[in-house]
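Worksheet for the structure shown next.
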Amino acid sequence: MMQSRTHNCNQLRIENVGEKVKLVGWMENVREVGGNLAFVVLRDFYGTTQVVVEDEADLKVIKGINKESTISVEGTVRERASKNSKQATGEIEVVPEKIEVLGRCRYNSLPFEINRSREADETQRLKYRYLDLRRPPLQRNLILRHKMAQEIRRFLSNEGFLEIETPCLVGSTPEGARDFVVPSRMSPNQFYALPQSPQTLKQLLMVAGYDKYFQIVRCFRDEDLRADRQPEFTQIDCEMSFVEQEDVLEIFERWAKHMFRHVMGIELTEPLRRMPWIEAMEKYGSDKPDLRFGMEFHDVTGRVKTYEAIVK
């Protein structure tokens with residue numbers, strides 16, 4: 001149900017021709033063709049729709065606002081004369097009967113173009129994060145993360161795992177990384193620690209008899225940045241009781257295949273390759289090697305010694 005609109009900007013198709021609709025979104029672009037004709041690209045989270053302004057009063061409204069202003073368009077859907085097959089709504093356009101300005105963009109130009117924000121300075125992108133987040137690739141990333149979280153919960157719940165939320169304010173534990181500490185107002189000179197991971201808490205759950213636990217959990221570590229980790233990050237945390245190594249490997253191989261199938265649309269039919277830790281370190285120097293490039297280490301100690309003997 002959408003009370004302020006009848007459709008989103010990626011919903012109208014050729015079968016909607018002739019319908020009265022109401023769309024709400026940001027004015028992404030305007031192309032004026034003549035004194036009484038302009039093409040407006042209206043965008044929301046879901047996509048874009050072309051609005052054809054053919055009325056002088058509506059054209060005056062459009063001319064009076066800047067790009068990225070928020071507008072409401074009420075009008076009729078009609079078939080496009082020149083269709084755009086690259087666009088989901090490329091077969092139709094909306095002819096407005098009423099255009100209302102909901103939020104006016106005060107600036108003639110933005111700090112960067114929405115669709116080209118990757119070319120902008122990172123400081124600018126972070127300062128105007130709400131503009132950067134309007135970019136479709138970032139929206140796709142957030143949608144992908146949402147789908148992954150849904151499938152994680154669906155799969156593990158079906159396997160008998162119980163999702164249990166663990167506290168974010170705990171006592172400090174000697175886990176290896178430095179803790180972030182949080183002072184307590186009620187207990188002066190006393191501090192909570194933000195958990196590096198739910199390690200101790202999930203072990204308590206296992207001892208208490210909760211034999212299958214999982215959580216999509218925030219972890220905090222006051223340590224130097226890494227390529228794949230920042231001070232706060234999210235991990236999928238699981239624990240199982242009364243199992244052997246093969247039980248753990250088997251269930252999470254099926255989990256990985258489920259995720260690729262339902263989130264990415266990729267069917268993995270072959271068994272996942274398993275590699276002992278010592279083999280990974282000897283061949284790749286990492287316990288999480290990227291096997292796509294095949295850059296294995298080779299021990300040339302014997303050949304070097306032979307060469308040195310020949311030279312001597």
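Within each chain, counting starts at residue 1; across the structure tokens, chains are named A, B, ... in the order shown, with ligands numbered 1 upward in that order.
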Do you know which residues are at most 10 Å from segment 260-264 of chain A counting only C-alpha atoms, after dropping those on the same chain fewer than 4 positions away, and could you put them as a compact mmCIF listing (two decimals) with N, CA, C and O atoms, in the first residue's frame?
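To be explicit, this is the file written out as out38.txt:
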# COMPACT_ATOMS: atom_id res chain seq x y z
N LEU A 144 21.36 -6.40 -1.77
CA LEU A 144 22.04 -7.70 -1.72
C LEU A 144 22.28 -8.12 -0.27
O LEU A 144 22.05 -9.28 0.10
N ARG A 145 22.72 -7.18 0.55
CA ARG A 145 22.95 -7.49 1.96
C ARG A 145 21.65 -7.91 2.65
O ARG A 145 21.63 -8.84 3.46
N HIS A 146 20.57 -7.22 2.32
CA HIS A 146 19.26 -7.57 2.88
C HIS A 146 18.86 -8.99 2.48
O HIS A 146 18.41 -9.78 3.32
N LYS A 147 19.03 -9.33 1.21
CA LYS A 147 18.67 -10.67 0.73
C LYS A 147 19.52 -11.75 1.40
O LYS A 147 19.02 -12.83 1.75
N MET A 148 20.80 -11.44 1.57
CA MET A 148 21.68 -12.41 2.22
C MET A 148 21.25 -12.67 3.66
O MET A 148 21.20 -13.82 4.10
N ALA A 149 20.92 -11.61 4.38
CA ALA A 149 20.49 -11.77 5.77
C ALA A 149 19.21 -12.60 5.84
O ALA A 149 19.05 -13.46 6.73
N GLN A 150 18.29 -12.36 4.90
CA GLN A 150 17.05 -13.13 4.87
C GLN A 150 17.32 -14.62 4.66
O GLN A 150 16.76 -15.47 5.34
N GLU A 151 18.19 -14.92 3.67
CA GLU A 151 18.47 -16.32 3.35
C GLU A 151 19.28 -17.01 4.44
O GLU A 151 19.11 -18.22 4.68
N TRP A 255 25.01 -24.64 3.16
CA TRP A 255 24.64 -23.23 3.37
C TRP A 255 25.22 -22.34 2.27
O TRP A 255 24.52 -21.49 1.72
N ALA A 256 26.50 -22.55 1.92
CA ALA A 256 27.13 -21.74 0.88
C ALA A 256 26.42 -21.94 -0.46
O ALA A 256 26.16 -20.97 -1.19
N LEU A 268 25.83 -24.12 -7.66
CA LEU A 268 27.09 -24.82 -7.42
C LEU A 268 26.79 -26.30 -7.27
O LEU A 268 26.13 -26.71 -6.31
- Item | Those in segment 98-239 of chain A with strand (DSSP E or B) from DSSP, as a PyMOL selection string | chain A and resi 98-103+162-163+170+180-183+191-194+212-220+226+229+232-239
- DSSP on the backbone, then: every residue of segment 46-282 of chain A marked helix (DSSP H, G or I), written as a VMD selection string. chain A and resid 56 to 63 114 to 119 122 to 127 129 to 132 136 to 158 199 to 208 245 to 264 277 to 282
Using 8 Å as the limit and counting only C-alpha atoms, can you tabulate each residue of segment 27-134 of chain A that touches segment 13-17 of chain A, with its shortest atom-to-atom distance in Å and the two atoms involved, as JSON lines?
{"residue": "A:Thr76", "atom": "CA", "partner": "A:Val17", "partner_atom": "CA", "distance": 7.6}
{"residue": "A:Val77", "atom": "CA", "partner": "A:Val17", "partner_atom": "CA", "distance": 4.8}
{"residue": "A:Arg78", "atom": "CA", "partner": "A:Val17", "partner_atom": "CA", "distance": 4.8}
{"residue": "A:Glu79", "atom": "CA", "partner": "A:Val17", "partner_atom": "CA", "distance": 6.2}
{"residue": "A:Ala88", "atom": "CA", "partner": "A:Arg13", "partner_atom": "CA", "distance": 8.0}
{"residue": "A:Thr89", "atom": "CA", "partner": "A:Arg13", "partner_atom": "CA", "distance": 5.9}
{"residue": "A:Glu91", "atom": "CA", "partner": "A:Ile14", "partner_atom": "CA", "distance": 6.0}
{"residue": "A:Ile92", "atom": "CA", "partner": "A:Ile14", "partner_atom": "CA", "distance": 6.0}
Kindly provide the residues of segment 93-187 of chain A that approach segment 194-210 of chain A to within 8 Å, each paired with its closest atom pair and their distance in Å to one decimal, based on only C-alpha atoms, listed by chain and increasing number, as a Markdown table.
| residue | atom | partner | partner_atom | distance |
| --- | --- | --- | --- | --- |
| A:Leu162 | CA | A:Tyr210 | CA | 8.0 |
| A:Thr166 | CA | A:Pro198 | CA | 6.8 |
| A:Cys168 | CA | A:Leu194 | CA | 5.7 |
| A:Leu169 | CA | A:Leu194 | CA | 5.4 |
| A:Val170 | CA | A:Leu194 | CA | 6.3 |
| A:Ser172 | CA | A:Pro195 | CA | 7.7 |
| A:Glu175 | CA | A:Gln196 | CA | 7.5 |
| A:Ala177 | CA | A:Gln196 | CA | 7.4 |
| A:Asp179 | CA | A:Leu194 | CA | 6.5 |
| A:Phe180 | CA | A:Leu194 | CA | 5.5 |
| A:Val181 | CA | A:Leu194 | CA | 6.2 |
| A:Val182 | CA | A:Leu194 | CA | 7.4 |
- Message: as a PyMOL selection string, please: the residues near Glu253 of chain A (cut-off 9 Å, only C-alpha atoms, same-chain neighbours under 4 positions excluded).
- Response: chain A and resi 248-249+257-258+271-272
Based on the selection just made, write all heavy atoms of those residues as a tab-separated table (two decimals), in the first residue's frame.
chain	number	residue	atom	x	y	z
A	248	VAL	N	30.15	-30.08	10.75
A	248	VAL	CA	30.23	-28.63	10.56
A	248	VAL	C	30.51	-28.30	9.09
A	248	VAL	O	29.85	-27.44	8.50
A	248	VAL	CB	31.33	-28.02	11.46
A	248	VAL	CG1	31.46	-26.52	11.20
A	248	VAL	CG2	31.03	-28.29	12.92
A	249	LEU	N	31.47	-29.00	8.49
A	249	LEU	CA	31.81	-28.74	7.09
A	249	LEU	C	30.63	-29.02	6.18
A	249	LEU	O	30.35	-28.28	5.24
A	249	LEU	CB	33.02	-29.58	6.68
A	249	LEU	CG	34.35	-29.22	7.34
A	249	LEU	CD1	35.42	-30.23	6.94
A	249	LEU	CD2	34.79	-27.81	6.96
A	257	LYS	N	26.09	-23.17	-0.80
A	257	LYS	CA	25.40	-23.45	-2.06
A	257	LYS	C	24.00	-22.82	-2.06
A	257	LYS	O	23.54	-22.31	-3.08
A	257	LYS	CB	25.31	-24.95	-2.29
A	257	LYS	CG	26.67	-25.59	-2.60
A	257	LYS	CD	26.54	-27.09	-2.83
A	257	LYS	CE	27.89	-27.69	-3.21
A	257	LYS	NZ	27.80	-29.15	-3.44
A	258	HIS	N	23.33	-22.88	-0.91
A	258	HIS	CA	22.00	-22.25	-0.78
A	258	HIS	C	22.09	-20.75	-1.03
A	258	HIS	O	21.25	-20.17	-1.73
A	258	HIS	CB	21.45	-22.53	0.61
A	258	HIS	CG	20.15	-21.85	0.89
A	258	HIS	ND1	18.92	-22.43	0.64
A	258	HIS	CD2	19.88	-20.61	1.39
A	258	HIS	CE1	17.96	-21.59	0.98
A	258	HIS	NE2	18.50	-20.47	1.45
A	271	PRO	N	31.30	-30.50	-5.33
A	271	PRO	CA	31.67	-30.32	-3.91
A	271	PRO	C	32.68	-29.18	-3.77
A	271	PRO	O	33.55	-29.00	-4.63
A	271	PRO	CB	32.30	-31.67	-3.54
A	271	PRO	CG	31.78	-32.64	-4.57
A	271	PRO	CD	31.60	-31.84	-5.83
A	272	LEU	N	32.57	-28.42	-2.72
A	272	LEU	CA	33.52	-27.34	-2.49
A	272	LEU	C	34.87	-27.92	-2.12
A	272	LEU	O	34.98	-28.88	-1.37
A	272	LEU	CB	33.03	-26.42	-1.37
A	272	LEU	CG	31.68	-25.72	-1.59
A	272	LEU	CD1	31.39	-24.76	-0.44
A	272	LEU	CD2	31.65	-24.98	-2.91
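Each of A:Cys219, A:Ala81, A:Leu126, A:Ile164 was checked against Arg178 of chain A using only C-alpha atoms; the smallest atom-to-atom distance is that of A:Cys219.
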